[in-house]
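Printed here is query27.cif (mmCIF, C-alpha atoms):
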data_query
#
loop_
_atom_site.label_atom_id
_atom_site.label_comp_id
_atom_site.auth_asym_id
_atom_site.auth_seq_id
_atom_site.Cartn_x
_atom_site.Cartn_y
_atom_site.Cartn_z
CA MET A 220 8.87 29.17 17.12
CA LYS A 221 8.26 29.31 13.40
CA ASP A 222 4.93 30.64 12.24
CA ALA A 223 2.90 31.69 9.19
CA LEU A 224 4.87 34.92 8.76
CA ALA A 225 8.23 33.09 8.67
CA ILE A 226 6.86 30.65 6.07
CA HIS A 227 5.31 33.47 4.03
CA ARG A 228 8.58 35.45 3.95
CA TRP A 229 10.61 32.36 3.00
CA LEU A 230 8.23 31.44 0.17
CA LEU A 231 8.22 35.04 -1.10
CA ALA A 232 12.03 35.04 -1.11
CA HIS A 233 11.89 31.86 -3.25
CA GLN A 234 9.18 33.35 -5.49
CA VAL A 235 6.71 30.56 -4.72
CA HIS A 236 3.03 31.32 -5.26
CA HIS A 237 1.13 30.51 -2.06
CA GLU A 238 -1.63 31.70 0.22
CA ILE A 239 -1.85 31.89 4.00
CA LEU A 240 -5.44 31.05 4.93
CA ARG A 241 -7.15 32.41 8.03
CA LEU A 242 -9.17 29.50 9.42
CA PRO A 243 -12.78 29.70 10.65
CA ARG A 244 -11.80 27.71 13.77
CA SER A 245 -8.60 26.70 15.49
CA LEU A 246 -6.75 23.51 14.64
CA SER A 247 -5.70 21.04 17.29
CA GLY A 248 -3.49 19.33 14.69
CA ALA A 249 -3.00 18.73 10.97
CA GLU A 250 -5.68 16.02 11.01
CA ASP A 251 -8.27 18.81 11.50
CA LEU A 252 -7.42 20.46 8.14
CA PRO A 253 -9.80 18.44 5.89
CA GLU A 254 -12.88 19.14 7.99
CA THR A 255 -11.94 22.76 8.77
CA LEU A 256 -11.25 23.60 5.10
CA GLY A 257 -13.77 21.25 3.48
CA VAL A 258 -11.10 19.60 1.32
CA PRO A 259 -10.12 15.94 0.74
CA PRO A 260 -7.67 14.50 3.32
CA GLU A 261 -5.40 13.41 0.43
CA THR A 262 -4.65 17.11 -0.18
CA CYS A 263 -3.79 17.90 3.43
CA VAL A 264 -0.19 17.34 4.48
CA SER A 265 1.00 16.56 7.97
CA VAL A 266 4.40 16.07 9.54
CA ALA A 267 4.84 13.39 12.19
CA VAL A 268 8.03 13.35 14.23
CA PHE A 269 9.41 10.08 15.54
CA ALA A 270 12.19 9.13 17.95
CA ALA A 271 14.27 6.40 16.30
CA VAL A 272 16.60 4.23 18.37
CA TYR A 273 19.65 2.74 16.67
CA ALA A 274 21.87 0.04 18.16
CA PHE A 275 25.63 0.31 17.67
CA GLY A 276 26.95 -2.72 19.53
CA THR A 277 25.89 -2.19 23.13
CA GLU A 278 25.32 1.53 22.64
CA ARG A 279 21.87 2.87 21.79
CA VAL A 280 21.48 6.23 20.09
CA THR A 281 18.19 8.09 19.68
CA GLU A 282 17.68 10.45 16.77
CA HIS A 283 14.58 12.18 15.52
CA ALA A 284 13.05 11.86 12.07
CA ALA A 285 10.15 13.73 10.49
CA VAL A 286 7.75 12.06 8.08
CA VAL A 287 5.77 14.18 5.61
CA SER A 288 2.56 12.45 4.51
CA ALA A 289 -1.05 13.05 3.56
CA VAL A 290 -3.52 13.22 6.42
CA ALA A 291 -5.38 10.44 4.56
CA HIS A 292 -2.37 8.12 4.95
CA PRO A 293 -1.05 8.31 8.52
CA VAL A 294 2.33 6.69 9.04
CA THR A 295 2.97 4.16 11.80
CA PRO A 296 6.17 3.71 13.82
CA GLY A 297 6.62 0.26 12.22
CA MET A 298 6.64 1.78 8.74
CA VAL A 299 9.26 4.30 9.78
CA ALA A 300 11.42 1.72 11.58
CA SER A 301 11.55 -0.46 8.47
CA VAL A 302 12.68 2.45 6.29
CA LEU A 303 15.25 3.86 8.72
CA GLY A 304 16.59 0.52 9.90
CA ALA A 305 16.02 1.53 13.53
CA VAL A 306 15.57 -1.07 16.25
CA GLU A 307 12.76 0.96 17.80
CA VAL A 308 10.63 3.88 16.65
CA ARG A 309 8.02 5.72 18.65
CA PRO A 310 6.18 9.02 18.24
CA ALA A 311 8.26 11.85 19.67
CA PRO A 312 6.77 13.63 22.69
CA ALA A 313 5.44 17.15 22.14
CA PHE A 314 8.40 18.85 23.84
CA ALA A 315 10.81 17.01 21.52
CA VAL A 316 8.76 17.91 18.43
CA ASN A 317 8.83 21.57 19.47
CA ALA A 318 12.58 21.43 20.09
CA VAL A 319 13.68 19.59 16.93
CA THR A 320 11.34 21.33 14.45
CA ASP A 321 10.87 24.80 16.00
CA TYR A 322 7.12 24.38 15.31
CA ALA A 323 4.27 23.68 17.70
CA ALA A 324 3.64 19.93 18.03
CA GLY A 325 0.80 18.79 15.78
CA LEU A 326 1.11 21.89 13.61
CA VAL A 327 4.49 21.24 11.97
CA CYS A 328 4.85 22.56 8.43
CA PRO A 329 6.99 20.49 6.04
CA LEU A 330 8.88 23.65 5.05
CA LEU A 331 11.78 25.24 6.96
CA LEU A 332 12.65 22.08 8.85
CA PRO A 333 16.22 22.05 10.23
CA GLU A 334 18.89 20.58 7.94
CA GLU A 335 20.12 18.19 10.62
CA LEU A 336 16.67 16.56 10.94
CA THR A 337 16.13 13.40 8.88
CA VAL A 338 13.04 14.02 6.72
CA LEU A 339 11.18 11.32 4.81
CA VAL A 340 8.44 12.16 2.31
CA ASP A 341 5.81 9.47 1.84
CA GLN A 342 5.95 8.30 -1.79
CA ARG A 343 2.12 8.33 -1.84
CA LEU A 344 2.27 12.14 -1.90
CA PHE A 345 4.16 12.00 -5.20
CA ASP A 346 1.92 9.25 -6.56
CA GLY A 347 -1.44 10.63 -5.44
CA LEU A 348 -1.20 14.29 -6.39
CA LYS A 349 -1.05 16.09 -9.72
CA ALA A 350 1.52 18.87 -9.98
CA ASP A 351 -1.10 21.64 -10.02
CA ASP A 352 -3.25 20.23 -7.21
CA ALA A 353 -3.63 22.57 -4.26
CA VAL A 354 -2.31 21.16 -0.99
CA TYR A 355 -2.76 22.44 2.54
CA THR A 356 -0.39 22.31 5.51
CA PRO A 357 -0.30 23.71 9.02
CA THR A 358 1.85 26.77 9.64
CA GLY A 359 2.74 26.22 13.27
CA GLU A 360 -0.23 28.36 14.30
CA ARG A 361 -3.71 27.12 15.21
CA ALA A 362 -5.58 29.80 13.25
CA THR A 363 -3.84 29.61 9.85
CA ALA A 364 -2.98 27.13 7.11
CA LEU A 365 -0.80 27.28 4.00
CA ARG A 366 -2.10 26.57 0.50
CA LEU A 367 0.26 26.02 -2.43
CA SER A 368 0.65 23.70 -5.39
CA ALA A 369 1.73 20.10 -4.85
CA ARG A 370 4.64 20.73 -7.26
CA ASP A 371 5.94 23.61 -5.15
CA LEU A 372 5.45 21.83 -1.85
CA LEU A 373 7.30 18.73 -3.00
CA ALA A 374 10.06 20.80 -4.61
CA MET A 375 10.57 22.94 -1.51
CA THR A 376 10.39 20.13 1.07
CA ALA A 377 13.87 18.95 2.01
CA GLY A 378 13.48 15.22 2.35
CA LYS A 379 13.94 11.83 0.72
CA PRO A 380 10.99 10.06 -0.87
CA ALA A 381 10.27 6.85 1.04
CA GLU A 382 8.02 3.89 0.33
CA LEU A 383 5.83 3.82 3.45
CA ARG A 384 2.89 1.74 2.20
CA ARG A 385 4.10 -1.45 3.81
CA GLY A 386 4.34 -2.31 7.47
CA PRO A 387 7.31 -3.34 9.55
CA LEU A 388 8.56 -6.02 7.14
CA SER A 389 9.41 -3.69 4.24
CA GLY A 390 13.06 -3.02 3.38
CA SER A 391 15.11 -0.10 4.55
CA LEU A 392 16.83 2.49 2.45
CA PRO A 393 20.51 1.51 2.13
CA GLY A 394 22.82 4.03 3.74
CA PHE A 395 19.93 5.99 5.23
CA ARG A 396 20.50 5.26 8.89
CA ARG A 397 21.72 8.61 10.02
CA ARG A 398 21.70 11.99 8.40
CA SER A 399 25.12 13.59 8.74
#

Here is the file; what I need is its structure written in the form of structure tokens.
Amino acid sequence: MKDALAIHRWLLAHQVHHEILRLPRSLSGAEDLPETLGVPPETCVSVAVFAAVYAFGTERVTEHAAVVSAVAHPVTPGMVASVLGAVEVRPAPAFAVNAVTDYAAGLVCPLLLPEELTVLVDQRLFDGLKADDAVYTPTGERATALRLSARDLLAMTAGKPAELRRGPLSGSLPGFRRRS
């Protein structure tokens, strides 16, 4: 499983200024970051992993997708389904999150996600943060968090910006069904 040390080494190798924070109490998930650190939820970033079901004629295929968003703006399965064009989307179970991200479920960092995983980045992160704002993410460990600039986080996160403000009736991204 990936952890704070793996993230720290990767960011050092990319010469990205960051800080690994030792937390005063353990996290149960990314949603605990604002209260634990005493920072606004708009500056805390979480990663939700969903199981998306696609229909190809009579065949159904399930693929996983990760959504990077602010803790202040949780993403619903309906929002994700409309963007991916999936017939069904549901939160992935913890064992699947662990397997597809190599992070502990609930503590997924938006960095170092596998290339084969579809990653969407909520457009509200780009719209709501200034480049020099500090943002906070989990590290895969309950006792630490990562702090870095919004500019660096968004530049280092491998994912496509997605408009996730609307519910299930919003349009999908053309050609964004499956990541190959």

Report task. Grab the atom CA of A:His237 to atom CA of A:Pro293 distance for me, in Å with one decimal place. Result -> 24.7 Å

**Report entry** Pick from A:Ala313, A:Val266, A:Cys328, A:Val280, whichever lies nearest to A:Val340 using all atoms listed in the file
**Finding:**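 Residue with the minimum atom-to-atom distance to A:Val340: A:Val266.
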
Requested in this report: For each of A:Ala270, A:Val235, A:Leu246, A:Leu230, take the minimum atom-to-atom distance to A:Gly325, counting only C-alpha atoms, then give the residue where this is smallest.
Outcome: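 The closest residue to A:Gly325 is A:Leu246.
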
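Note that the spacing between atom CA of A:Leu331 and atom CA of A:Arg366 amounts to 15.4 Å.
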
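Within 10 Å of the point (7.0, 20.4, 7.0), counting only C-alpha atoms, the protein and nucleic acid residues come to Val264, Ser265, Val266, Ala267, Ala285, Val286, Val287, Ser288, Thr320, Tyr322, Leu326, Val327, Cys328, Pro329, Leu330, Leu331, Leu332, Pro333, Val338, Val340, Thr356, Pro357, Thr358, Gly359, Leu372, Met375, Thr376, Ala377 and Gly378 of chain A.
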
Query - Nearest to A:Ser247 by atom-to-atom distance, counting all atoms listed in the file, from A:Ala323, A:Asp371, A:Ala223, A:Thr337 - result: A:Ala323

**Report entry** Hits of the PyMOL selection byres ((chain A and resi 381) around 9) in this structure, as a PyMOL selection string
**Finding:** chain A and resi 302+339-343+379-380+382-383+392

Report summary line: If you count all atoms listed in the file, the residue of A:Cys263, A:Ala369, A:Ile239, A:Val306 closest to A:Glu278 turns out to be A:Val306
